[in-house]
Every structure is written in C-alpha cells, then in structure tokens.
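J.: Sharing structure.txt below, compact mmCIF, C-alpha atoms:
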# COMPACT_ATOMS: atom_id res chain seq x y z
CA MET A 1 118.79 98.53 110.98
CA THR A 2 118.11 98.79 114.71
CA ARG A 3 114.89 97.92 116.43
CA GLY A 4 113.28 99.61 119.37
CA VAL A 5 113.51 98.08 122.82
CA LYS A 6 110.33 96.25 123.71
CA ARG A 7 109.62 95.38 127.31
CA SER A 8 108.23 91.94 128.08
CA ALA A 9 104.73 91.22 129.36
CA ARG A 10 104.17 91.42 133.09
CA ALA A 11 105.32 88.34 134.99
CA VAL A 12 102.57 86.47 136.78
CA LEU A 13 104.15 83.34 138.32
CA ASP A 14 105.73 82.82 141.72
CA ARG A 15 109.22 81.37 141.30
CA ARG A 16 109.06 79.00 144.26
CA ASP A 17 105.70 77.57 143.20
CA ALA A 18 106.89 77.16 139.61
CA VAL A 19 110.14 75.37 140.47
CA ALA A 20 108.43 73.16 143.07
CA ALA A 21 105.84 72.10 140.48
CA VAL A 22 108.54 71.21 137.95
CA LEU A 23 110.59 69.22 140.47
CA GLN A 24 107.61 67.35 141.85
CA ALA A 25 107.42 65.46 138.56
CA ARG A 26 111.18 64.83 138.21
CA GLY A 27 111.22 61.06 138.67
CA ASP A 28 114.88 60.02 138.32
CA ALA A 29 115.96 63.13 136.43
CA LEU A 30 119.32 64.66 137.27
CA VAL A 31 119.12 68.36 138.15
CA ILE A 32 121.79 71.05 137.72
CA THR A 33 121.01 74.43 139.29
CA GLY A 34 122.53 77.78 138.41
CA LEU A 35 124.22 80.13 140.82
CA GLY A 36 122.05 81.92 143.37
CA ALA A 37 118.26 82.02 143.38
CA PRO A 38 117.67 78.93 141.20
CA THR A 39 119.68 76.93 143.74
CA TRP A 40 117.63 78.38 146.61
CA ASP A 41 114.44 77.52 144.68
CA ALA A 42 115.48 73.89 144.18
CA ALA A 43 116.56 73.56 147.81
CA ALA A 44 113.25 75.02 148.97
CA ALA A 45 111.47 72.30 146.99
CA GLY A 46 113.50 69.68 148.89
CA ASP A 47 117.15 68.63 148.82
CA HIS A 48 117.87 65.58 146.66
CA ASP A 49 120.93 63.41 146.01
CA GLY A 50 120.35 63.95 142.30
CA ASN A 51 120.73 67.73 142.62
CA PHE A 52 124.05 69.35 141.76
CA TYR A 53 124.10 72.94 142.99
CA LEU A 54 126.49 75.48 141.51
CA TRP A 55 128.14 77.68 144.12
CA GLY A 56 130.31 79.38 141.50
CA GLY A 57 131.01 79.32 137.80
CA MET A 58 128.28 81.76 136.84
CA GLY A 59 127.24 81.17 133.27
CA GLY A 60 128.18 77.49 133.30
CA ALA A 61 125.02 75.65 134.35
CA ALA A 62 123.75 74.88 130.85
CA MET A 63 127.12 73.57 129.70
CA ILE A 64 127.46 71.33 132.74
CA GLY A 65 124.01 70.01 131.91
CA LEU A 66 125.12 69.37 128.33
CA GLY A 67 128.19 67.43 129.46
CA LEU A 68 126.11 65.31 131.79
CA ALA A 69 123.47 64.65 129.13
CA VAL A 70 126.08 63.56 126.59
CA ALA A 71 127.84 61.33 129.14
CA ARG A 72 124.59 59.73 130.30
CA PRO A 73 122.13 59.58 127.40
CA ASP A 74 120.09 57.10 129.44
CA ARG A 75 119.17 59.74 132.03
CA ARG A 76 117.03 62.86 131.75
CA VAL A 77 118.88 66.05 132.67
CA LEU A 78 117.13 69.22 133.81
CA VAL A 79 119.01 72.50 134.12
CA ILE A 80 117.34 75.13 136.29
CA THR A 81 118.97 78.53 135.94
CA GLY A 82 118.20 82.23 135.83
CA ASP A 83 118.11 84.85 133.12
CA GLY A 84 121.22 86.63 134.38
CA GLU A 85 123.22 83.40 134.65
CA LEU A 86 122.29 82.28 131.15
CA LEU A 87 123.00 85.71 129.66
CA MET A 88 126.59 85.30 130.88
CA GLY A 89 126.89 82.04 128.93
CA LEU A 90 124.66 82.77 125.95
CA GLY A 91 126.89 80.84 123.56
CA SER A 92 125.95 77.67 125.42
CA LEU A 93 122.61 77.69 123.62
CA ALA A 94 124.37 77.41 120.26
CA THR A 95 126.61 74.58 121.46
CA ILE A 96 123.70 72.64 122.97
CA ALA A 97 121.66 73.07 119.79
CA VAL A 98 124.55 71.80 117.65
CA GLU A 99 125.17 68.79 119.91
CA ALA A 100 121.39 68.20 120.08
CA PRO A 101 121.19 65.92 123.14
CA ARG A 102 117.76 64.31 123.24
CA ASN A 103 117.68 64.07 127.02
CA VAL A 104 118.17 67.64 128.22
CA ALA A 105 115.70 70.36 129.19
CA ILE A 106 116.53 73.86 130.39
CA LEU A 107 114.24 75.87 132.66
CA ILE A 108 115.11 79.57 132.87
CA VAL A 109 113.53 81.23 135.88
CA ASP A 110 113.33 84.77 134.50
CA ASN A 111 112.64 87.55 136.97
CA GLU A 112 114.29 90.06 134.61
CA ARG A 113 116.82 90.91 137.31
CA TYR A 114 120.44 90.28 138.25
CA GLY A 115 119.52 88.97 141.67
CA GLU A 116 123.02 88.31 143.01
CA THR A 117 124.34 91.81 142.39
CA GLY A 118 121.50 94.01 143.62
CA MET A 119 118.38 93.29 141.53
CA GLN A 120 119.40 95.47 138.61
CA ALA A 121 117.22 95.00 135.53
CA SER A 122 118.65 92.34 133.20
CA HIS A 123 118.52 92.45 129.41
CA THR A 124 115.34 90.37 129.39
CA ALA A 125 113.59 93.31 131.07
CA ARG A 126 114.40 95.31 127.93
CA GLY A 127 113.09 92.81 125.43
CA VAL A 128 115.83 90.20 124.94
CA ASP A 129 113.96 86.97 124.22
CA LEU A 130 115.91 83.94 125.40
CA SER A 131 113.44 81.42 124.03
CA ALA A 132 113.62 83.03 120.59
CA ILE A 133 117.42 82.87 120.73
CA ALA A 134 117.26 79.16 121.62
CA ALA A 135 114.79 78.50 118.81
CA ALA A 136 116.99 80.35 116.30
CA ALA A 137 119.99 78.32 117.49
CA GLY A 138 118.15 75.10 116.70
CA PHE A 139 116.52 73.81 119.90
CA ALA A 140 113.83 71.21 119.23
CA HIS A 141 111.39 73.20 121.36
CA ALA A 142 111.69 76.63 123.00
CA GLU A 143 108.96 78.74 124.53
CA THR A 144 108.13 81.44 127.05
CA ILE A 145 105.70 80.62 129.85
CA ARG A 146 103.68 83.22 131.75
CA THR A 147 100.76 81.27 133.25
CA ARG A 148 100.36 78.23 135.45
CA ARG A 149 98.32 76.54 132.75
CA GLU A 150 101.22 76.91 130.31
CA LEU A 151 103.65 75.63 132.94
CA ASP A 152 101.51 72.59 133.72
CA GLY A 153 101.44 71.78 130.02
CA TRP A 154 105.23 72.03 129.74
CA ILE A 155 106.16 69.93 132.76
CA PRO A 156 105.48 66.44 131.33
CA ARG A 157 107.09 67.45 128.04
CA ALA A 158 110.25 68.49 129.90
CA TYR A 159 110.76 64.91 131.04
CA GLU A 160 109.38 62.99 128.05
CA GLU A 161 109.87 64.81 124.75
CA ARG A 162 112.97 64.64 122.62
CA GLY A 163 115.26 67.54 123.39
CA PRO A 164 116.92 69.81 123.65
CA LEU A 165 114.03 71.75 125.14
CA LEU A 166 114.01 75.18 126.76
CA ALA A 167 111.36 77.13 128.62
CA VAL A 168 111.64 80.66 129.94
CA VAL A 169 109.30 80.96 132.92
CA LYS A 170 108.47 84.57 133.64
CA VAL A 171 108.27 85.13 137.39
CA ALA A 172 107.61 88.11 139.62
CA PRO A 173 110.77 89.88 140.86
CA ASP A 174 109.68 89.67 144.50
CA PRO A 175 112.54 88.28 146.61
CA ALA A 176 112.06 84.85 148.16
CA PRO A 177 113.68 83.67 151.41
CA VAL A 178 117.12 82.14 150.92
CA VAL A 179 117.06 78.37 151.46
CA VAL A 180 120.65 77.17 151.59
CA PRO A 181 121.44 73.59 150.53
CA PRO A 182 124.75 71.87 151.42
CA ARG A 183 127.67 74.13 150.48
CA ASP A 184 130.66 71.78 150.56
CA GLY A 185 131.60 71.40 146.89
CA THR A 186 133.64 68.23 147.37
CA TRP A 187 130.86 66.58 149.36
CA LEU A 188 128.26 67.60 146.77
CA LYS A 189 130.42 66.16 143.99
CA HIS A 190 130.80 62.82 145.75
CA ARG A 191 127.13 62.67 146.70
CA PHE A 192 126.06 63.34 143.12
CA ARG A 193 128.57 60.83 141.77
CA ALA A 194 127.37 58.15 144.18
CA HIS A 195 123.76 58.84 143.21
CA LEU A 196 124.63 58.53 139.54
CA LEU A 197 127.09 55.63 139.61
CA GLY A 198 126.47 53.87 142.91
CA SER A 199 128.03 54.21 146.33
CA GLY A 200 131.05 52.09 145.36
CA ALA A 201 132.04 54.33 142.43
CA GLU A 202 135.58 55.63 142.47
Can you present the structure in this file as structure tokens?
T.:
Amino acid sequence: MTRGVKRSARAVLDRRDAVAAVLQARGDALVITGLGAPTWDAAAAGDHDGNFYLWGGMGGAAMIGLGLAVARPDRRVLVITGDGELLMGLGSLATIAVEAPRNVAILIVDNERYGETGMQASHTARGVDLSAIAAAAGFAHAETIRTRRELDGWIPRAYEERGPLLAVVKVAPDPAPVVVPPRDGTWLKHRFRAHLLGSGAE
C-alpha cells in the first residue's frame, strides 16, 4: 500500500536565530557540524575550540558525533546538521539508536532544501518525517519543532536529558550570509583534540 505525499507545515523559524539560541546554552558540550549551512550557522554564532566543522564527508556528521559520544561518555555531544546531509546518511539513525549513547543530541536544521547544490526541494519538503524515523529507530526522544517556544523548551533537554535525542527544527528557506570558520582540516583536528584532551595531547 502506498500513501500520498503530504507536505510539511510552513516553517516559521530563522535558522541563524535558532542555532545561536541552542549554542548559547552549550556549556562544555562538544559540537559537530554538518557540511555547508549548519557550519555557517555555528560559525555565525561564534567560533569555538569545541566546534568540529565538516568540510567534506556529507552524510557523516551524525556518525562522527556517535563515535565521539561513545569515546567520551563524560561529555555532552551535540550534532548540528541539515536535512539534506542527514538524508544521505539515514542509516546513522538506526546505528545511533542501537548503540543508545546517553550523551548525544542531534539538531537537524530543516529548510527542506539541498542548499549546497542549488536549493532543490529535499524529501522533507514532500513529507518525509525525520523525527518519526528517529523515533521508530528507537531514539529516547525525537520531535519536530516549528516555534520558538518549542525550541526554548527543547534547549535545556538537549544538554541534560538522557539520549539519544533528536529535534528537527523547521526553518525558513531564505538564504543566510555565508560565515566561514577556519578551513584547514589538520589545524581544526589538532585544535579540537587539544580542547578535548589538553594542549599536551599527542
């Protein structure tokens, strides 16, 4: 049996405001950002030694977050990615649910577009529900957020509740200015490692 395509409700949040609000409360959380716009959003909120920006490997942000969360169960890990990036690595939701790390939260900034290839409509624009997929996979909590009140309610839970948690934040597709963080992959790796393990880490 096939079901009809159902378009999602109109997005009401501004992506930069949403990401900035989430990161303002980060404390000592480690942040992994997906390729493209989520990286620009995090950089616009302020560069941080605890940010690891992906300049490639589309589809891999959630799995990098999982690896980090498993390796460092004492630290909170936040993955900020987009709908297009996660759709390319959809199986990561199943793996994260099975591993069930308590310390990871995933924020999907969903503008229902493939922003890096020309703003074509993504599958979420045609009704694919990423939070429902995460819930069916076994995430402890998964929801879709469309209002600032809902976002404000989720933010403390993202850093405090037992995970894995996932929130799809519906944002307007309006383009935001590109804010480019450091691009040297080797330097970013060493900076992140020093932040995590100390400056003397080898």
J.: Need to verify the contact set: stretch 177-180 of chain A, 12 Å, all atoms listed in the file, exclusion of same-chain residues closer than 4 positions in sequence. Can you return it as a ChimeraX atom specification?
T.: /A:15-16,35-47,53-55,115-116,184
J.: Using the selection just defined, write its residues with C-alpha atoms as a PDB file, in the coordinates of the input.
T.:
ATOM      1  CA  ARG A  15     109.220  81.370 141.300  1.00  0.00           C
ATOM      2  CA  ARG A  16     109.060  79.000 144.260  1.00  0.00           C
ATOM      3  CA  LEU A  35     124.220  80.130 140.820  1.00  0.00           C
ATOM      4  CA  GLY A  36     122.050  81.920 143.370  1.00  0.00           C
ATOM      5  CA  ALA A  37     118.260  82.020 143.380  1.00  0.00           C
ATOM      6  CA  PRO A  38     117.670  78.930 141.200  1.00  0.00           C
ATOM      7  CA  THR A  39     119.680  76.930 143.740  1.00  0.00           C
ATOM      8  CA  TRP A  40     117.630  78.380 146.610  1.00  0.00           C
ATOM      9  CA  ASP A  41     114.440  77.520 144.680  1.00  0.00           C
ATOM     10  CA  ALA A  42     115.480  73.890 144.180  1.00  0.00           C
ATOM     11  CA  ALA A  43     116.560  73.560 147.810  1.00  0.00           C
ATOM     12  CA  ALA A  44     113.250  75.020 148.970  1.00  0.00           C
ATOM     13  CA  ALA A  45     111.470  72.300 146.990  1.00  0.00           C
ATOM     14  CA  GLY A  46     113.500  69.680 148.890  1.00  0.00           C
ATOM     15  CA  ASP A  47     117.150  68.630 148.820  1.00  0.00           C
ATOM     16  CA  TYR A  53     124.100  72.940 142.990  1.00  0.00           C
ATOM     17  CA  LEU A  54     126.490  75.480 141.510  1.00  0.00           C
ATOM     18  CA  TRP A  55     128.140  77.680 144.120  1.00  0.00           C
ATOM     19  CA  GLY A 115     119.520  88.970 141.670  1.00  0.00           C
ATOM     20  CA  GLU A 116     123.020  88.310 143.010  1.00  0.00           C
ATOM     21  CA  ASP A 184     130.660  71.780 150.560  1.00  0.00           C
TER      22      ASP A 184
END
J.: So that I can see what lies close to stretch 154-159 of chain A, please list as a VMD selection string the residues with an atom at most 12 Å from it, counting all atoms listed in the file and leaving out residues fewer than 4 positions away in the same chain.
T.: chain A and resid 18 to 31 75 to 80 102 to 107 140 to 150 163 to 169
J.: Would you mind reading off the distance between atom CA of A:Glu112 and atom CA of A:Gly84, one decimal, in Å?
T.: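 Pair atom CA of A:Glu112 / atom CA of A:Gly84 returns 7.7 Å.
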J.: Which residue out of A:Thr186, A:Asn111, A:Thr124, A:Ser131 has the minimum interatomic distance to A:Asp14 when all atoms listed in the file are used?
T.: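 Closest residue, counting all atoms listed in the file: A:Asn111.
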J.: Nearest to A:Arg113 among A:Arg126, A:Arg162, A:Arg72, A:His190, with distances taken over all atoms listed in the file: which residue is it?
T.: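 For A:Arg113, the nearest of the given residues is A:Arg126.
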J.: Hey, can you check how far atom CA of A:Leu196 sits from atom CA of A:Ala61?
T.: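 Rounded to one decimal, the two atoms are 17.9 Å apart.
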J.: Just the number, please: distance in Å from atom CA of A:Leu130 to atom CA of A:Asp110, one decimal.
T.: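 Separating atom CA of A:Leu130 from atom CA of A:Asp110 is a distance of 9.5 Å.
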J.: Enumerate, as a VMD selection string, the protein, DNA and RNA residues whose atoms approach (120.0, 86.8, 129.6) to within 9 Å, taking into account all atoms listed in the file and the coordinate frame of the file.
T.: chain A and resid 82 to 90 110 112 122 to 124 128 to 130
